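To be precise, the following lines are data-v5.txt, and they hold compact mmCIF, C-alpha atoms.
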```
# COMPACT_ATOMS: atom_id res chain seq x y z
CA MET A 1 122.75 106.03 122.77
CA LEU A 2 121.05 103.41 120.68
CA THR A 3 120.32 104.03 117.06
CA ARG A 4 118.63 101.81 114.55
CA SER A 5 121.94 101.28 112.76
CA THR A 6 123.69 100.03 115.90
CA ILE A 7 121.27 97.21 116.43
CA MET A 8 120.75 96.10 112.87
CA PRO A 9 121.10 92.37 112.39
CA SER A 10 124.51 91.20 111.29
CA ALA A 11 122.83 88.83 108.89
CA GLY A 12 124.69 87.23 106.03
CA LYS A 13 128.18 87.50 107.52
CA THR A 14 128.78 84.04 108.93
CA LYS A 15 126.42 81.17 109.30
CA ARG A 16 126.10 80.17 112.95
CA LYS A 17 126.42 76.51 113.86
CA LYS A 18 123.19 74.98 115.08
CA SER A 19 123.22 75.19 118.87
CA SER A 20 122.40 72.12 120.95
CA ARG A 21 119.92 74.23 122.95
CA LYS A 22 116.83 75.23 120.97
CA ARG A 23 116.94 78.99 120.37
CA SER A 24 113.79 80.77 121.42
CA GLU A 25 112.21 83.53 119.37
CA LEU A 26 113.48 85.98 121.98
CA ASP A 27 117.03 84.58 121.84
CA SER A 28 117.01 84.98 118.07
CA ALA A 29 115.91 88.60 118.38
CA LEU A 30 118.46 89.44 121.07
CA ASP A 31 121.25 87.70 119.17
CA GLN A 32 120.82 90.32 116.45
CA VAL A 33 122.08 93.03 118.79
CA THR A 34 125.63 93.89 117.92
CA ASP A 35 125.99 97.14 119.87
CA GLU A 36 128.72 96.56 122.47
CA SER A 37 127.21 99.05 124.91
CA VAL A 38 124.15 96.87 125.34
CA ALA A 39 125.65 93.47 124.56
CA ALA A 40 126.72 92.91 128.19
CA SER A 41 123.19 93.54 129.46
CA MET A 42 121.77 91.23 126.79
CA LYS A 43 124.20 88.50 127.80
CA GLU A 44 123.45 88.93 131.52
CA PHE A 45 119.73 88.85 130.78
CA GLN A 46 119.91 85.75 128.60
CA ASP A 47 122.07 83.92 131.19
CA LEU A 48 119.74 84.80 134.07
CA LEU A 49 116.66 83.91 132.05
CA ALA A 50 118.14 80.51 131.15
CA GLN A 51 118.98 79.90 134.83
CA ALA A 52 115.48 80.94 135.92
CA LYS A 53 113.81 78.72 133.33
CA GLY A 54 115.75 75.75 134.67
CA ASP A 55 115.27 76.54 138.36
CA THR A 56 113.74 74.01 140.75
CA SER A 57 111.16 76.53 141.98
CA GLU A 58 107.98 76.47 139.89
CA LEU A 59 107.30 80.12 140.64
CA ILE A 60 110.72 81.19 139.34
CA ARG A 61 110.27 79.08 136.19
CA GLN A 62 106.75 80.40 135.65
CA ASN A 63 107.90 84.00 136.07
CA ALA A 64 110.71 83.52 133.53
CA GLN A 65 108.34 81.87 131.07
CA GLU A 66 105.78 84.67 131.36
CA LEU A 67 108.45 87.34 131.03
CA GLU A 68 109.79 85.73 127.87
CA GLU A 69 106.31 85.38 126.38
CA ARG A 70 105.53 89.03 127.07
CA LEU A 71 108.78 90.21 125.54
CA VAL A 72 107.86 88.23 122.42
CA LEU A 73 104.34 89.77 122.45
CA LEU A 74 105.98 93.21 122.66
CA LYS A 75 108.32 92.41 119.79
CA GLN A 76 105.31 91.22 117.76
CA LYS A 77 103.46 94.47 118.65
CA LYS A 78 100.63 92.50 120.26
CA ILE A 79 101.13 94.53 123.45
CA ASP A 80 102.84 97.90 123.87
CA LYS A 81 105.42 99.23 126.35
CA GLU A 82 102.69 100.47 128.73
CA ASP A 83 101.15 97.00 128.82
CA PHE A 84 104.54 95.39 129.33
CA ASN A 85 105.39 97.70 132.25
CA PHE A 86 101.97 97.05 133.76
CA PHE A 87 102.58 93.29 133.62
CA VAL A 88 106.06 93.70 135.10
CA GLU A 89 104.56 95.60 138.05
CA ASN A 90 101.98 92.81 138.50
CA GLN A 91 104.73 90.20 138.49
CA LYS A 92 106.83 92.22 140.95
CA ARG A 93 103.87 92.61 143.32
CA ASP A 94 103.28 88.88 143.22
CA LEU A 95 106.97 87.96 143.57
CA ARG A 96 107.90 90.23 146.48
CA VAL A 97 105.96 88.01 148.86
CA PHE A 98 107.69 84.95 147.44
CA VAL A 99 111.20 86.45 147.78
CA ASP A 100 110.53 87.66 151.33
CA SER A 101 109.25 84.23 152.31
CA GLN A 102 112.47 82.49 151.23
CA PRO A 103 115.11 81.47 153.80
CA ALA A 104 117.74 84.22 154.28
CA GLN A 105 120.44 82.27 152.40
CA SER A 106 118.18 81.78 149.36
CA GLN A 107 116.76 85.30 149.15
CA GLU A 108 119.56 86.83 147.12
CA ARG A 109 119.35 84.12 144.44
CA ALA A 110 115.55 84.22 144.39
CA GLU A 111 115.61 88.00 143.97
CA LYS A 112 118.20 87.80 141.20
CA LEU A 113 116.14 85.25 139.25
CA THR A 114 112.86 87.10 139.64
CA LEU A 115 112.81 90.82 140.50
CA HIS A 116 116.27 91.55 139.05
CA ILE A 117 115.44 89.87 135.71
CA LEU A 118 112.22 91.88 135.48
CA GLU A 119 114.19 95.06 136.13
CA ILE A 120 116.76 94.31 133.42
CA ALA A 121 113.96 93.40 131.01
CA ALA A 122 112.10 96.64 131.62
CA THR A 123 115.11 98.95 131.57
CA LYS A 124 117.54 97.33 129.10
CA ILE A 125 115.76 94.78 126.92
CA VAL A 126 112.52 96.58 126.13
CA PRO A 127 114.19 99.70 124.65
CA VAL A 128 116.26 97.45 122.38
CA LEU A 129 113.25 95.43 121.26
CA ILE A 130 111.28 98.60 120.57
CA MET A 131 114.12 99.89 118.42
CA MET A 132 113.99 96.65 116.44
CA ILE A 133 110.27 96.93 115.67
CA MET B 1 91.60 54.74 196.71
CA ASN B 2 88.19 56.26 195.95
CA SER B 3 89.66 59.72 195.84
CA ASN B 4 92.26 58.42 193.34
CA ILE B 5 89.52 57.14 191.04
CA ALA B 6 87.65 60.42 191.36
CA ASN B 7 90.84 62.32 190.54
CA ASN B 8 91.48 60.16 187.48
CA LEU B 9 87.91 60.62 186.27
CA PHE B 10 88.22 64.39 186.79
CA VAL B 11 91.47 64.53 184.80
CA ARG B 12 89.95 62.35 182.06
CA ASN B 13 86.91 64.60 181.83
CA ILE B 14 89.07 67.70 181.67
CA PHE B 15 91.05 66.08 178.86
CA LEU B 16 87.88 65.13 176.97
CA VAL B 17 86.47 68.63 177.29
CA ALA B 18 89.76 70.14 176.09
CA ALA B 19 89.84 67.74 173.13
CA ALA B 20 86.23 68.60 172.26
CA ILE B 21 86.99 72.34 172.38
CA ALA B 22 90.06 71.85 170.18
CA LEU B 23 88.05 69.84 167.65
CA ALA B 24 85.25 72.40 167.63
CA ASN B 25 87.73 75.24 167.04
CA CYS B 26 89.33 73.27 164.26
CA GLY B 27 85.94 72.82 162.62
CA THR B 28 85.16 76.54 162.92
CA ALA B 29 88.52 77.46 161.35
CA THR B 30 87.93 75.06 158.46
CA PHE B 31 84.41 76.39 158.02
CA SER B 32 85.65 80.03 158.05
CA LYS B 33 88.41 79.25 155.60
CA THR B 34 85.99 77.50 153.27
CA GLY B 35 83.72 80.53 153.35
CA SER B 36 86.69 82.79 152.80
CA ASP B 37 87.84 80.69 149.82
CA ALA B 38 84.37 80.97 148.29
CA GLU B 39 84.48 84.76 148.75
CA ILE B 40 87.87 84.93 147.03
CA GLU B 41 86.55 82.80 144.14
CA SER B 42 83.61 85.15 143.84
CA LEU B 43 85.95 88.17 143.66
CA ARG B 44 88.04 86.36 141.03
CA ASN B 45 84.95 85.74 138.89
CA PHE B 46 83.91 89.38 139.24
CA GLU B 47 87.33 90.61 138.12
CA LEU B 48 87.52 88.20 135.16
CA ALA B 49 84.04 89.28 134.05
CA PHE B 50 85.12 92.93 134.41
CA ILE B 51 88.07 92.31 132.07
CA ASP B 52 85.85 90.42 129.63
CA GLN B 53 83.40 93.31 129.58
CA PHE B 54 85.86 96.16 129.04
CA ALA B 55 89.03 94.69 127.51
CA VAL B 56 87.43 94.23 124.11
CA PRO B 57 89.42 95.45 121.09
CA GLY B 58 87.52 98.02 119.05
CA LYS B 59 84.70 98.42 121.57
CA ARG B 60 83.64 102.02 122.26
CA PHE B 61 84.58 103.01 125.81
CA ASN B 62 81.56 103.66 128.00
CA ALA B 63 82.92 105.71 130.93
CA ALA B 64 79.69 105.61 132.93
CA ALA B 65 79.36 101.82 132.67
CA PHE B 66 83.04 101.46 133.48
CA ASP B 67 82.80 103.66 136.59
CA ALA B 68 79.68 101.83 137.76
CA LYS B 69 81.46 98.48 137.48
CA VAL B 70 84.55 99.82 139.30
CA ASN B 71 82.34 101.16 142.09
CA GLU B 72 80.63 97.78 142.33
CA GLY B 73 84.03 96.10 142.51
CA ASN B 74 85.25 98.50 145.22
CA ALA B 75 82.14 97.80 147.27
CA ASN B 76 82.58 94.03 146.84
CA PHE B 77 86.19 94.16 147.99
CA GLN B 78 85.48 96.47 150.92
CA LYS B 79 82.67 94.21 152.09
CA ALA B 80 84.84 91.11 151.73
CA ILE B 81 87.62 92.74 153.76
CA ALA B 82 85.23 93.94 156.48
CA ASP B 83 83.41 90.59 156.71
CA GLU B 84 86.52 88.42 156.69
CA LYS B 85 86.51 86.37 159.89
CA PHE B 86 89.76 84.60 159.12
CA THR B 87 92.01 87.52 160.12
CA ALA B 88 95.14 86.15 158.43
CA ARG B 89 93.25 86.50 155.13
CA ARG B 90 92.64 90.25 155.42
CA PRO B 91 96.07 91.34 154.07
CA VAL B 92 95.55 88.90 151.18
CA LEU B 93 92.21 90.53 150.35
CA VAL B 94 93.88 93.96 150.54
CA ASP B 95 96.49 92.72 148.04
CA LEU B 96 93.72 91.46 145.74
CA LYS B 97 92.01 94.85 145.98
CA GLY B 98 95.36 96.42 144.98
CA GLN B 99 95.40 94.20 141.89
CA PHE B 100 91.82 95.20 141.03
CA ASP B 101 92.73 98.90 141.39
CA ALA B 102 95.77 98.44 139.13
CA ASP B 103 93.74 96.49 136.54
CA ALA B 104 90.99 99.11 136.54
CA ALA B 105 93.47 101.98 136.12
CA HIS B 106 95.32 100.26 133.26
CA LEU B 107 92.12 99.18 131.53
CA ARG B 108 90.64 102.68 131.77
CA SER B 109 93.80 104.18 130.31
CA LYS B 110 93.91 101.69 127.41
CA ALA B 111 90.19 101.32 126.66
CA SER B 112 89.53 105.07 126.71
CA ARG B 113 92.18 105.50 123.98
CA GLY B 114 91.02 102.46 121.98
CA LYS B 115 94.32 100.68 122.62
CA VAL B 116 93.09 97.33 123.86
CA THR B 117 94.51 94.29 122.09
CA PRO B 118 93.42 90.64 122.36
CA ALA B 119 96.80 89.82 123.93
CA LEU B 120 96.29 92.50 126.62
CA ALA B 121 92.97 90.95 127.65
CA SER B 122 94.30 87.40 127.77
CA GLU B 123 97.49 88.37 129.66
CA MET B 124 95.48 90.41 132.17
CA LYS B 125 93.25 87.40 132.85
CA LYS B 126 96.32 85.19 133.18
CA ASP B 127 97.72 87.52 135.88
CA VAL B 128 94.38 87.68 137.70
CA ASN B 129 94.13 83.89 137.81
CA LYS B 130 97.71 83.60 139.00
CA ILE B 131 97.40 86.10 141.87
CA TYR B 132 94.11 84.52 143.01
CA ASP B 133 95.63 81.03 142.90
CA HIS B 134 98.51 82.27 145.05
CA ALA B 135 96.06 83.95 147.43
CA LEU B 136 94.33 80.58 147.82
CA GLY B 137 97.67 78.88 148.42
CA ARG B 138 97.61 76.91 145.15
```
Can you turn what I pasted into structure tokens?
Amino acid sequence: MLTRSTIMPSAGKTKRKKSSRKRSELDSALDQVTDESVAASMKEFQDLLAQAKGDTSELIRQNAQELEERLVLLKQKKIDKEDFNFFVENQKRDLRVFVDSQPAQSQERAEKLTLHILEIAATKIVPVLIMMI
Amino acid sequence: MNSNIANNLFVRNIFLVAAAIALANCGTATFSKTGSDAEIESLRNFELAFIDQFAVPGKRFNAAAFDAKVNEGNANFQKAIADEKFTARRPVLVDLKGQFDADAAHLRSKASRGKVTPALASEMKKDVNKIYDHALGR
């Protein structure tokens, strides 16, 4: 069970070295999560999102970019959870055709970098971000 | 010898007729697809205007006006699906109708409770443009 205290930023303990990769606003927010029970999901999500953003397929990159932007909008309270879930369903509807149209050997990867990321975002990331607001 | 020439002419004519039919069909398909593209663009513009009209932060929700616009949209989509000559496009139009239904349901839920934000409107329009671009193969 998540509580506000479990996800409080661990600010002021140690200063992190500047990473070579530019940290996004979302990365910065997710890095504040210290709860071990959700840390694995955060890590999986951040890894998959980074992979998707660097993928050769424009649709996969675009989906990752939109997902990240909408998580930031949620964190900034510019949209709410209902809106976010609505957009995730839109993205899923659009992406199912794309995944199904991929060659059999590419389908698993395509699904992981699109539908699976959306699922993790909706079920694991959003509750954490809402707790942080 | 003469019968050989006649045979060759016959085969050539058959070939020319076949080529003409193929070209004519090609032209019809292009024409139908162009018409179909224009119809899809028209549906896109309708849906964007619908969002602009009702996804306005702070605007009082007018249920009657909303329902009238949804009914108009439903009629537009149903007509487009029924009139579509390019049969491969029908499932695409059905998908676009699904998006319109989902947009209308979400917008009704948010606007009737006064929970529309500027970001909701702009993200909705972004999704509409994306799904229509994909429907048009862009």
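Put simply, atom CA of A:Leu95 is 25.9 Å away from atom CA of B:Val116.
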Could you give me, as CSV, every chain A residue with an atom at most 8 Å from chain B, plus its closest atom pair and distance in Å to one decimal, counting only C-alpha atoms, rows ordered by chain then number?
```
residue,atom,partner,partner_atom,distance
A:Leu73,CA,B:Ala119,CA,7.7
A:Lys78,CA,B:Ala119,CA,5.9
A:Ile79,CA,B:Leu120,CA,6.1
A:Asp83,CA,B:Leu120,CA,7.0
A:Phe86,CA,B:His106,CA,7.4
A:Phe87,CA,B:Met124,CA,7.8
A:Asn90,CA,B:Asp127,CA,7.3
A:Gln91,CA,B:Asp127,CA,7.9
A:Asp94,CA,B:Ile131,CA,6.6
```
Write out as a PDB file with C-alpha atoms, keeping the file's coordinate frame each polymer residue whose atoms come within 9 Å of B:Leu43, counting only C-alpha atoms; drop sequence neighbours fewer than 5 positions from it.
```
ATOM      1  CA  ALA B  38      84.370  80.970 148.290  1.00  0.00           C
ATOM      2  CA  LEU B  48      87.520  88.200 135.160  1.00  0.00           C
ATOM      3  CA  GLY B  73      84.030  96.100 142.510  1.00  0.00           C
ATOM      4  CA  ASN B  76      82.580  94.030 146.840  1.00  0.00           C
ATOM      5  CA  PHE B  77      86.190  94.160 147.990  1.00  0.00           C
ATOM      6  CA  ALA B  80      84.840  91.110 151.730  1.00  0.00           C
ATOM      7  CA  LEU B  96      93.720  91.460 145.740  1.00  0.00           C
ATOM      8  CA  TYR B 132      94.110  84.520 143.010  1.00  0.00           C
TER       9      TYR B 132
END
```
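Counting only C-alpha atoms, A:Glu69 has the following residues at most 10 Å away, ignoring those fewer than 5 positions along the same chain: Glu25, Leu26, Asn63, Ala64, Leu74 and Lys75 of chain A; Glu123 of chain B.
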Residues within 12 Å of (105.1, 81.0, 145.1), file coordinates, counting all atoms listed in the file: what are they? Give the list as a PDB file with C-alpha atoms, in the coordinates of the input.
```pdb
ATOM      1  CA  THR A  56     113.740  74.010 140.750  1.00  0.00           C
ATOM      2  CA  SER A  57     111.160  76.530 141.980  1.00  0.00           C
ATOM      3  CA  GLU A  58     107.980  76.470 139.890  1.00  0.00           C
ATOM      4  CA  LEU A  59     107.300  80.120 140.640  1.00  0.00           C
ATOM      5  CA  ILE A  60     110.720  81.190 139.340  1.00  0.00           C
ATOM      6  CA  ARG A  61     110.270  79.080 136.190  1.00  0.00           C
ATOM      7  CA  GLN A  62     106.750  80.400 135.650  1.00  0.00           C
ATOM      8  CA  ASN A  63     107.900  84.000 136.070  1.00  0.00           C
ATOM      9  CA  GLN A  91     104.730  90.200 138.490  1.00  0.00           C
ATOM     10  CA  ARG A  93     103.870  92.610 143.320  1.00  0.00           C
ATOM     11  CA  ASP A  94     103.280  88.880 143.220  1.00  0.00           C
ATOM     12  CA  LEU A  95     106.970  87.960 143.570  1.00  0.00           C
ATOM     13  CA  ARG A  96     107.900  90.230 146.480  1.00  0.00           C
ATOM     14  CA  VAL A  97     105.960  88.010 148.860  1.00  0.00           C
ATOM     15  CA  PHE A  98     107.690  84.950 147.440  1.00  0.00           C
ATOM     16  CA  VAL A  99     111.200  86.450 147.780  1.00  0.00           C
ATOM     17  CA  ASP A 100     110.530  87.660 151.330  1.00  0.00           C
ATOM     18  CA  SER A 101     109.250  84.230 152.310  1.00  0.00           C
ATOM     19  CA  GLN A 102     112.470  82.490 151.230  1.00  0.00           C
ATOM     20  CA  ALA A 110     115.550  84.220 144.390  1.00  0.00           C
ATOM     21  CA  THR A 114     112.860  87.100 139.640  1.00  0.00           C
TER      22      THR A 114
ATOM     23  CA  LYS B 130      97.710  83.600 139.000  1.00  0.00           C
ATOM     24  CA  ILE B 131      97.400  86.100 141.870  1.00  0.00           C
ATOM     25  CA  TYR B 132      94.110  84.520 143.010  1.00  0.00           C
ATOM     26  CA  ASP B 133      95.630  81.030 142.900  1.00  0.00           C
ATOM     27  CA  HIS B 134      98.510  82.270 145.050  1.00  0.00           C
ATOM     28  CA  ALA B 135      96.060  83.950 147.430  1.00  0.00           C
ATOM     29  CA  LEU B 136      94.330  80.580 147.820  1.00  0.00           C
ATOM     30  CA  GLY B 137      97.670  78.880 148.420  1.00  0.00           C
ATOM     31  CA  ARG B 138      97.610  76.910 145.150  1.00  0.00           C
TER      32      ARG B 138
END
```
query: So how many Å separate atom CA of B:Lys33 and atom CA of B:Lys69, to one decimal?
result: 27.3 Å
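Picture a line from atom CA of A:Ala121 to atom CA of A:Leu30; it runs 11.6 Å.
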field: Close residues, A:Ala50 itself excluded, 10 Å, only C-alpha atoms, min 3 positions apart in chain, as JSON, numbers by chain
entry: {"A": [44, 45, 46, 47, 53, 54, 55, 61, 64, 65, 113]}
- prompt: Leaving out B:Lys79 and any residue of its chain fewer than 2 positions from it, which residues lie within 12 Å of it when counting all atoms listed in the file, given as a ChimeraX atom specification?
  reply: /B:39-40,43,72-77,81-85,90,93-94,97
Would you save the residues of that selection, restricted to C-alpha atoms, as an mmCIF file, in the frame of the given file?
```
data_model
loop_
_atom_site.group_PDB
_atom_site.id
_atom_site.type_symbol
_atom_site.label_atom_id
_atom_site.label_comp_id
_atom_site.auth_asym_id
_atom_site.auth_seq_id
_atom_site.Cartn_x
_atom_site.Cartn_y
_atom_site.Cartn_z
ATOM 1 C CA GLU B 39 84.480 84.760 148.750
ATOM 2 C CA ILE B 40 87.870 84.930 147.030
ATOM 3 C CA LEU B 43 85.950 88.170 143.660
ATOM 4 C CA GLU B 72 80.630 97.780 142.330
ATOM 5 C CA GLY B 73 84.030 96.100 142.510
ATOM 6 C CA ASN B 74 85.250 98.500 145.220
ATOM 7 C CA ALA B 75 82.140 97.800 147.270
ATOM 8 C CA ASN B 76 82.580 94.030 146.840
ATOM 9 C CA PHE B 77 86.190 94.160 147.990
ATOM 10 C CA ILE B 81 87.620 92.740 153.760
ATOM 11 C CA ALA B 82 85.230 93.940 156.480
ATOM 12 C CA ASP B 83 83.410 90.590 156.710
ATOM 13 C CA GLU B 84 86.520 88.420 156.690
ATOM 14 C CA LYS B 85 86.510 86.370 159.890
ATOM 15 C CA ARG B 90 92.640 90.250 155.420
ATOM 16 C CA LEU B 93 92.210 90.530 150.350
ATOM 17 C CA VAL B 94 93.880 93.960 150.540
ATOM 18 C CA LYS B 97 92.010 94.850 145.980
#
```
Give, as AutoDock Vina command-line options, the centre coordinates and the x, y and z edge lengths in Å to one decimal for an axis-aligned box around all listed atoms of stretch 87-104 of chain B, padded by 5 Å on each side.
```
--center_x 93.7 --center_y 92.6 --center_z 148.3 --size_x 15.5 --size_y 23.0 --size_z 33.6
```
- request: Quick one: everything within 10 Å of B:Ala111, counting all atoms listed in the file, minus sequence neighbours fewer than 2 positions away in the same chain. Send it as a list of chain:residue names.
  value: B:Phe54, B:Ala55, B:Val56, B:Pro57, B:Gly58, B:Lys59, B:Arg60, B:Phe61, B:Asn62, B:Ala63, B:Phe66, B:His106, B:Leu107, B:Arg108, B:Ser109, B:Arg113, B:Gly114, B:Lys115, B:Val116, B:Thr117
message: When you count only C-alpha atoms, which of these residues is closest to B:Lys125: B:Phe100, B:Ser42, B:Asp67, B:Val92?
response: B:Phe100
